[in-house]
file input_39.txt (compact mmCIF, N, CA and C atoms)
# COMPACT_ATOMS: atom_id res chain seq x y z
N MET A 368 29.49 -13.21 24.24
CA MET A 368 28.22 -13.62 23.67
C MET A 368 28.14 -13.14 22.22
N ASN A 369 27.54 -13.94 21.40
CA ASN A 369 27.40 -13.64 19.99
C ASN A 369 26.50 -12.40 19.80
N PRO A 370 26.90 -11.43 18.96
CA PRO A 370 26.07 -10.22 18.78
C PRO A 370 24.67 -10.52 18.25
N ILE A 371 24.54 -11.51 17.42
CA ILE A 371 23.21 -11.84 16.87
C ILE A 371 22.30 -12.36 17.97
N ILE A 372 22.82 -13.17 18.85
CA ILE A 372 22.02 -13.70 19.95
C ILE A 372 21.63 -12.56 20.89
N SER A 373 22.53 -11.61 21.11
CA SER A 373 22.22 -10.46 21.96
C SER A 373 21.09 -9.63 21.35
N ILE A 374 21.18 -9.37 20.07
CA ILE A 374 20.14 -8.58 19.39
C ILE A 374 18.80 -9.31 19.43
N LEU A 375 18.81 -10.61 19.15
CA LEU A 375 17.56 -11.38 19.19
C LEU A 375 16.96 -11.40 20.59
N THR A 376 17.79 -11.47 21.62
CA THR A 376 17.30 -11.45 22.99
C THR A 376 16.67 -10.10 23.32
N ILE A 377 17.33 -9.03 22.94
CA ILE A 377 16.80 -7.69 23.21
C ILE A 377 15.49 -7.47 22.45
N VAL A 378 15.44 -7.89 21.20
CA VAL A 378 14.22 -7.73 20.39
C VAL A 378 13.07 -8.53 20.98
N THR A 379 13.35 -9.75 21.43
CA THR A 379 12.31 -10.58 22.02
C THR A 379 11.78 -9.97 23.31
N ILE A 380 12.67 -9.53 24.17
CA ILE A 380 12.25 -8.92 25.44
C ILE A 380 11.46 -7.64 25.19
N LEU A 381 11.94 -6.80 24.29
CA LEU A 381 11.24 -5.56 23.97
C LEU A 381 9.86 -5.83 23.37
N SER A 382 9.76 -6.82 22.50
CA SER A 382 8.47 -7.16 21.90
C SER A 382 7.49 -7.64 22.97
N CYS A 383 7.96 -8.49 23.86
CA CYS A 383 7.08 -8.99 24.93
C CYS A 383 6.61 -7.86 25.84
N VAL A 384 7.51 -6.93 26.17
CA VAL A 384 7.13 -5.80 27.01
C VAL A 384 6.09 -4.94 26.31
N LEU A 385 6.29 -4.65 25.03
CA LEU A 385 5.34 -3.80 24.29
C LEU A 385 3.98 -4.48 24.12
N ILE A 386 3.97 -5.78 23.90
CA ILE A 386 2.70 -6.50 23.79
C ILE A 386 1.96 -6.47 25.11
N THR A 387 2.68 -6.68 26.21
CA THR A 387 2.06 -6.65 27.53
C THR A 387 1.50 -5.27 27.85
N VAL A 388 2.26 -4.23 27.56
CA VAL A 388 1.80 -2.86 27.83
C VAL A 388 0.58 -2.53 26.97
N SER A 389 0.55 -3.00 25.72
CA SER A 389 -0.58 -2.68 24.84
C SER A 389 -1.87 -3.32 25.31
N PHE A 390 -1.79 -4.42 26.06
CA PHE A 390 -3.00 -5.04 26.59
C PHE A 390 -3.50 -4.35 27.86
N TRP A 391 -2.61 -3.78 28.64
CA TRP A 391 -3.00 -3.19 29.92
C TRP A 391 -3.20 -1.69 29.85
N LEU A 392 -2.62 -1.00 28.89
CA LEU A 392 -2.66 0.45 28.85
C LEU A 392 -4.00 1.04 28.39
N PRO A 393 -4.63 0.52 27.34
CA PRO A 393 -5.84 1.20 26.86
C PRO A 393 -7.01 1.04 27.83
N GLN A 394 -7.82 2.08 27.89
CA GLN A 394 -9.03 2.03 28.71
C GLN A 394 -10.19 1.69 27.79
N MET A 395 -10.85 0.60 28.09
CA MET A 395 -11.96 0.18 27.25
C MET A 395 -13.27 0.43 28.00
N ASN A 396 -13.97 1.46 27.56
CA ASN A 396 -15.26 1.81 28.14
C ASN A 396 -16.30 1.84 27.02
N PRO A 397 -16.79 0.71 26.59
CA PRO A 397 -17.75 0.72 25.48
C PRO A 397 -19.08 1.34 25.91
N ASP A 398 -19.63 2.19 25.05
CA ASP A 398 -20.97 2.74 25.26
C ASP A 398 -21.76 2.56 23.97
N SER A 399 -22.97 3.07 23.95
CA SER A 399 -23.85 2.81 22.80
C SER A 399 -23.30 3.41 21.51
N GLU A 400 -22.64 4.57 21.60
CA GLU A 400 -22.09 5.18 20.38
C GLU A 400 -20.93 4.35 19.82
N LYS A 401 -20.08 3.85 20.71
CA LYS A 401 -18.95 3.05 20.24
C LYS A 401 -19.38 1.70 19.72
N LEU A 402 -20.51 1.19 20.22
CA LEU A 402 -20.98 -0.11 19.78
C LEU A 402 -21.87 -0.03 18.55
N SER A 403 -22.16 1.19 18.07
CA SER A 403 -22.98 1.34 16.87
C SER A 403 -22.17 0.90 15.66
N PRO A 404 -22.85 0.55 14.55
CA PRO A 404 -22.12 0.01 13.39
C PRO A 404 -21.06 0.94 12.83
N TYR A 405 -21.26 2.25 12.90
CA TYR A 405 -20.31 3.17 12.28
C TYR A 405 -19.42 3.85 13.30
N GLU A 406 -19.65 3.66 14.57
CA GLU A 406 -18.85 4.20 15.67
C GLU A 406 -18.70 5.71 15.60
N CYS A 407 -19.72 6.40 15.09
CA CYS A 407 -19.61 7.85 15.01
C CYS A 407 -20.74 8.54 15.77
N GLY A 408 -21.63 7.80 16.35
CA GLY A 408 -22.71 8.39 17.11
C GLY A 408 -23.97 8.65 16.32
N PHE A 409 -23.92 8.47 15.00
CA PHE A 409 -25.10 8.69 14.16
C PHE A 409 -25.74 7.35 13.82
N ASP A 410 -27.04 7.36 13.69
CA ASP A 410 -27.71 6.14 13.23
C ASP A 410 -27.46 5.98 11.74
N PRO A 411 -27.30 4.76 11.28
CA PRO A 411 -27.08 4.54 9.85
C PRO A 411 -28.29 5.04 9.04
N LEU A 412 -28.01 5.76 7.95
CA LEU A 412 -29.08 6.31 7.12
C LEU A 412 -29.49 5.37 6.00
N GLY A 413 -28.58 4.53 5.55
CA GLY A 413 -28.88 3.64 4.44
C GLY A 413 -28.23 2.30 4.65
N SER A 414 -28.26 1.51 3.62
CA SER A 414 -27.66 0.19 3.70
C SER A 414 -26.14 0.29 3.62
N ALA A 415 -25.46 -0.54 4.37
CA ALA A 415 -24.00 -0.58 4.32
C ALA A 415 -23.52 -1.51 3.22
N ARG A 416 -24.42 -2.11 2.50
CA ARG A 416 -24.07 -3.10 1.48
C ARG A 416 -24.22 -2.56 0.06
N LEU A 417 -23.99 -1.26 -0.12
CA LEU A 417 -24.07 -0.68 -1.46
C LEU A 417 -22.87 -1.12 -2.28
N PRO A 418 -23.05 -1.49 -3.53
CA PRO A 418 -21.92 -1.95 -4.36
C PRO A 418 -21.03 -0.77 -4.76
N PHE A 419 -19.75 -1.06 -4.90
CA PHE A 419 -18.81 -0.05 -5.38
C PHE A 419 -18.90 0.05 -6.90
N SER A 420 -18.53 1.21 -7.39
CA SER A 420 -18.49 1.41 -8.83
C SER A 420 -17.28 0.66 -9.41
N MET A 421 -17.45 0.13 -10.62
CA MET A 421 -16.33 -0.55 -11.28
C MET A 421 -15.20 0.43 -11.59
N ARG A 422 -15.51 1.69 -11.72
CA ARG A 422 -14.47 2.70 -11.95
C ARG A 422 -13.51 2.76 -10.76
N PHE A 423 -14.07 2.60 -9.56
CA PHE A 423 -13.23 2.59 -8.36
C PHE A 423 -12.21 1.46 -8.44
N PHE A 424 -12.65 0.27 -8.82
CA PHE A 424 -11.75 -0.86 -8.91
C PHE A 424 -10.71 -0.66 -10.01
N LEU A 425 -11.11 -0.06 -11.12
CA LEU A 425 -10.17 0.18 -12.21
C LEU A 425 -9.08 1.15 -11.79
N VAL A 426 -9.47 2.23 -11.12
CA VAL A 426 -8.48 3.19 -10.65
C VAL A 426 -7.58 2.56 -9.60
N ALA A 427 -8.14 1.71 -8.73
CA ALA A 427 -7.33 1.03 -7.72
C ALA A 427 -6.31 0.09 -8.36
N ILE A 428 -6.72 -0.63 -9.39
CA ILE A 428 -5.79 -1.54 -10.07
C ILE A 428 -4.71 -0.75 -10.80
N LEU A 429 -5.09 0.37 -11.43
CA LEU A 429 -4.09 1.20 -12.09
C LEU A 429 -3.09 1.78 -11.08
N PHE A 430 -3.60 2.16 -9.91
CA PHE A 430 -2.69 2.64 -8.87
C PHE A 430 -1.70 1.56 -8.47
N LEU A 431 -2.18 0.33 -8.29
CA LEU A 431 -1.29 -0.76 -7.92
C LEU A 431 -0.27 -1.03 -9.02
N LEU A 432 -0.70 -0.91 -10.27
CA LEU A 432 0.21 -1.14 -11.39
C LEU A 432 1.35 -0.13 -11.38
N PHE A 433 1.01 1.14 -11.20
CA PHE A 433 2.05 2.16 -11.23
C PHE A 433 2.83 2.20 -9.92
N ASP A 434 2.26 1.69 -8.86
CA ASP A 434 3.02 1.53 -7.62
C ASP A 434 4.04 0.41 -7.80
N LEU A 435 3.68 -0.60 -8.58
CA LEU A 435 4.62 -1.67 -8.89
C LEU A 435 5.79 -1.14 -9.70
N GLU A 436 5.55 -0.12 -10.51
CA GLU A 436 6.64 0.50 -11.27
C GLU A 436 7.71 1.02 -10.32
N ILE A 437 7.31 1.62 -9.23
CA ILE A 437 8.28 2.12 -8.26
C ILE A 437 9.06 0.96 -7.65
N ALA A 438 8.37 -0.13 -7.36
CA ALA A 438 9.04 -1.28 -6.77
C ALA A 438 10.05 -1.90 -7.76
N LEU A 439 9.73 -1.86 -9.04
CA LEU A 439 10.66 -2.41 -10.03
C LEU A 439 11.85 -1.49 -10.27
N LEU A 440 11.65 -0.20 -10.13
CA LEU A 440 12.73 0.75 -10.38
C LEU A 440 13.53 1.08 -9.12
N LEU A 441 13.11 0.58 -7.99
CA LEU A 441 13.80 0.87 -6.74
C LEU A 441 15.26 0.41 -6.73
N PRO A 442 15.60 -0.77 -7.28
CA PRO A 442 17.01 -1.18 -7.28
C PRO A 442 17.88 -0.43 -8.29
N LEU A 443 17.33 0.49 -9.04
CA LEU A 443 18.09 1.18 -10.08
C LEU A 443 19.34 1.90 -9.56
N PRO A 444 19.30 2.62 -8.43
CA PRO A 444 20.54 3.28 -7.98
C PRO A 444 21.68 2.31 -7.70
N TRP A 445 21.37 1.11 -7.25
CA TRP A 445 22.42 0.12 -7.00
C TRP A 445 22.89 -0.53 -8.30
N GLY A 446 22.06 -0.45 -9.33
CA GLY A 446 22.43 -1.05 -10.60
C GLY A 446 23.53 -0.30 -11.33
N ASP A 447 23.78 0.96 -10.95
CA ASP A 447 24.84 1.69 -11.64
C ASP A 447 26.23 1.24 -11.21
N GLN A 448 26.31 0.34 -10.26
CA GLN A 448 27.61 -0.20 -9.85
C GLN A 448 27.97 -1.46 -10.63
N LEU A 449 27.10 -1.88 -11.53
CA LEU A 449 27.38 -3.04 -12.36
C LEU A 449 28.44 -2.69 -13.40
N PRO A 450 29.11 -3.71 -13.96
CA PRO A 450 30.15 -3.42 -14.96
C PRO A 450 29.61 -2.69 -16.19
N ASP A 451 28.41 -3.06 -16.65
CA ASP A 451 27.85 -2.41 -17.84
C ASP A 451 26.59 -1.67 -17.44
N ILE A 452 26.69 -0.36 -17.28
CA ILE A 452 25.56 0.44 -16.82
C ILE A 452 24.47 0.57 -17.88
N MET A 453 24.81 0.36 -19.14
CA MET A 453 23.82 0.51 -20.21
C MET A 453 22.73 -0.55 -20.12
N ASP A 454 23.08 -1.76 -19.67
CA ASP A 454 22.05 -2.80 -19.51
C ASP A 454 21.02 -2.38 -18.48
N THR A 455 21.48 -1.83 -17.36
CA THR A 455 20.58 -1.38 -16.31
C THR A 455 19.68 -0.26 -16.81
N LEU A 456 20.27 0.70 -17.46
CA LEU A 456 19.49 1.82 -17.97
C LEU A 456 18.51 1.37 -19.05
N PHE A 457 18.91 0.42 -19.88
CA PHE A 457 18.01 -0.07 -20.93
C PHE A 457 16.80 -0.77 -20.31
N LEU A 458 17.01 -1.61 -19.30
CA LEU A 458 15.89 -2.31 -18.68
C LEU A 458 14.97 -1.33 -17.95
N ALA A 459 15.53 -0.34 -17.27
CA ALA A 459 14.71 0.66 -16.59
C ALA A 459 13.90 1.47 -17.60
N LEU A 460 14.53 1.84 -18.70
CA LEU A 460 13.85 2.60 -19.74
C LEU A 460 12.74 1.76 -20.39
N ALA A 461 12.98 0.47 -20.56
CA ALA A 461 11.96 -0.40 -21.14
C ALA A 461 10.74 -0.48 -20.21
N ILE A 462 10.96 -0.57 -18.92
CA ILE A 462 9.83 -0.61 -17.97
C ILE A 462 9.06 0.70 -18.01
N ILE A 463 9.77 1.82 -18.02
CA ILE A 463 9.11 3.12 -18.03
C ILE A 463 8.31 3.32 -19.32
N ILE A 464 8.88 2.93 -20.46
CA ILE A 464 8.18 3.07 -21.74
C ILE A 464 6.94 2.18 -21.78
N LEU A 465 7.06 0.96 -21.33
CA LEU A 465 5.91 0.04 -21.32
C LEU A 465 4.78 0.57 -20.45
N LEU A 466 5.10 1.05 -19.27
CA LEU A 466 4.05 1.57 -18.39
C LEU A 466 3.49 2.90 -18.90
N THR A 467 4.31 3.71 -19.54
CA THR A 467 3.80 4.95 -20.12
C THR A 467 2.84 4.66 -21.27
N LEU A 468 3.17 3.67 -22.10
CA LEU A 468 2.25 3.27 -23.17
C LEU A 468 0.93 2.75 -22.60
N GLY A 469 1.01 1.99 -21.52
CA GLY A 469 -0.21 1.52 -20.86
C GLY A 469 -1.04 2.65 -20.31
N LEU A 470 -0.40 3.66 -19.74
CA LEU A 470 -1.12 4.83 -19.23
C LEU A 470 -1.78 5.61 -20.36
N VAL A 471 -1.05 5.81 -21.45
CA VAL A 471 -1.63 6.52 -22.60
C VAL A 471 -2.82 5.75 -23.17
N TYR A 472 -2.72 4.43 -23.24
CA TYR A 472 -3.83 3.62 -23.74
C TYR A 472 -5.06 3.76 -22.83
N GLU A 473 -4.86 3.67 -21.52
CA GLU A 473 -5.98 3.82 -20.59
C GLU A 473 -6.60 5.21 -20.69
N TRP A 474 -5.74 6.22 -20.86
CA TRP A 474 -6.22 7.58 -20.95
C TRP A 474 -7.07 7.77 -22.21
N THR A 475 -6.59 7.24 -23.35
CA THR A 475 -7.34 7.40 -24.60
C THR A 475 -8.63 6.59 -24.61
N GLN A 476 -8.67 5.47 -23.90
CA GLN A 476 -9.88 4.66 -23.83
C GLN A 476 -10.89 5.20 -22.82
N GLY A 477 -10.52 6.22 -22.05
CA GLY A 477 -11.43 6.82 -21.08
C GLY A 477 -11.47 6.07 -19.76
N GLY A 478 -10.47 5.25 -19.48
CA GLY A 478 -10.47 4.48 -18.25
C GLY A 478 -10.17 5.30 -17.01
N LEU A 479 -9.64 6.51 -17.19
CA LEU A 479 -9.29 7.33 -16.04
C LEU A 479 -10.36 8.38 -15.73
N GLU A 480 -11.43 8.40 -16.52
CA GLU A 480 -12.51 9.35 -16.25
C GLU A 480 -13.43 8.76 -15.18
N TRP A 481 -13.60 9.49 -14.09
CA TRP A 481 -14.39 8.98 -12.98
C TRP A 481 -15.88 9.02 -13.31
N ALA A 482 -16.36 10.12 -13.86
CA ALA A 482 -17.78 10.25 -14.21
C ALA A 482 -17.99 9.78 -15.63
N GLU A 483 -19.13 9.16 -15.85
CA GLU A 483 -19.44 8.67 -17.21
C GLU A 483 -20.22 9.69 -18.00
call {"tool": "encode", "arguments": {"input": "input_39.txt", "output": "structure tokens"}}
result
Amino acid sequence: MNPIISILTIVTILSCVLITVSFWLPQMNPDSEKLSPYECGFDPLGSARLPFSMRFFLVAILFLLFDLEIALLLPLPWGDQLPDIMDTLFLALAIIILLTLGLVYEWTQGGLEWAE
């Protein structure tokens, strides 16, 4: 039998078993605390529809930007096996410099200060 077909068969059977067990294993006993909006047993004190601060969104976007830096630099260790390693290092350095300049700009503009 082909090894790929064997692996796919095992993965399919294991997935079906785990899905079946996950439906039958948990005990569902809903009570008033679990059915409350916050599921913590306390009555809500205020509105759940309060708007978020724009600073929160700015910090979240900056986090995603610098998280993207890691994703772009992740293939770097494999890039040293290329014939010309200087091209790889130059591109990695260009990404790091560009993102560092962006961080310095945000820092000087006060975009990273949480309180106004």
call {"tool": "closest_residue", "arguments": {"input": "input_39.txt", "among": "A:Leu470, A:Leu479, A:Ile464, A:Ala459", "to": "Leu441 (chain A)", "atoms": "only C-alpha atoms"}}
result
A:Ala459
call {"tool": "atom_distance", "arguments": {"input": "input_39.txt", "atom1": "atom C of Val378 (chain A)", "atom2": "atom C of Phe390 (chain A)"}}
result
18.4 Å
call {"tool": "axis_aligned_box", "arguments": {"input": "input_39.txt", "around": "region 465-468 of chain A", "padding_each_side": "5 Å", "output": "AutoDock Vina command-line options"}}
result
--center_x 4.0 --center_y 2.5 --center_z -20.8 --size_x 16.1 --size_y 14.9 --size_z 14.8
call {"tool": "atom_distance", "arguments": {"input": "input_39.txt", "atom1": "atom N of Glu480 (chain A)", "atom2": "atom N of Arg422 (chain A)"}}
result
9.2 Å
call {"tool": "atom_distance", "arguments": {"input": "input_39.txt", "atom1": "CA of Ala461 (chain A)", "atom2": "CA of Pro444 (chain A)"}}
result
16.1 Å
call {"tool": "select_by_dssp", "arguments": {"input": "input_39.txt", "residues": "region 370-476 of chain A", "states": "helix (DSSP H, G or I)", "output": "ChimeraX atom specification"}}
result
/A:370-391,421-440,443-446,452-476
call {"tool": "residues_around", "arguments": {"input": "input_39.txt", "residues": "region 433-438 of chain A", "least_positions_apart": "4", "cutoff": "8 Å", "atoms": "all atoms listed in the file", "output": "ChimeraX atom specification"}}
result
/A:427-429,442-443,462-463,466
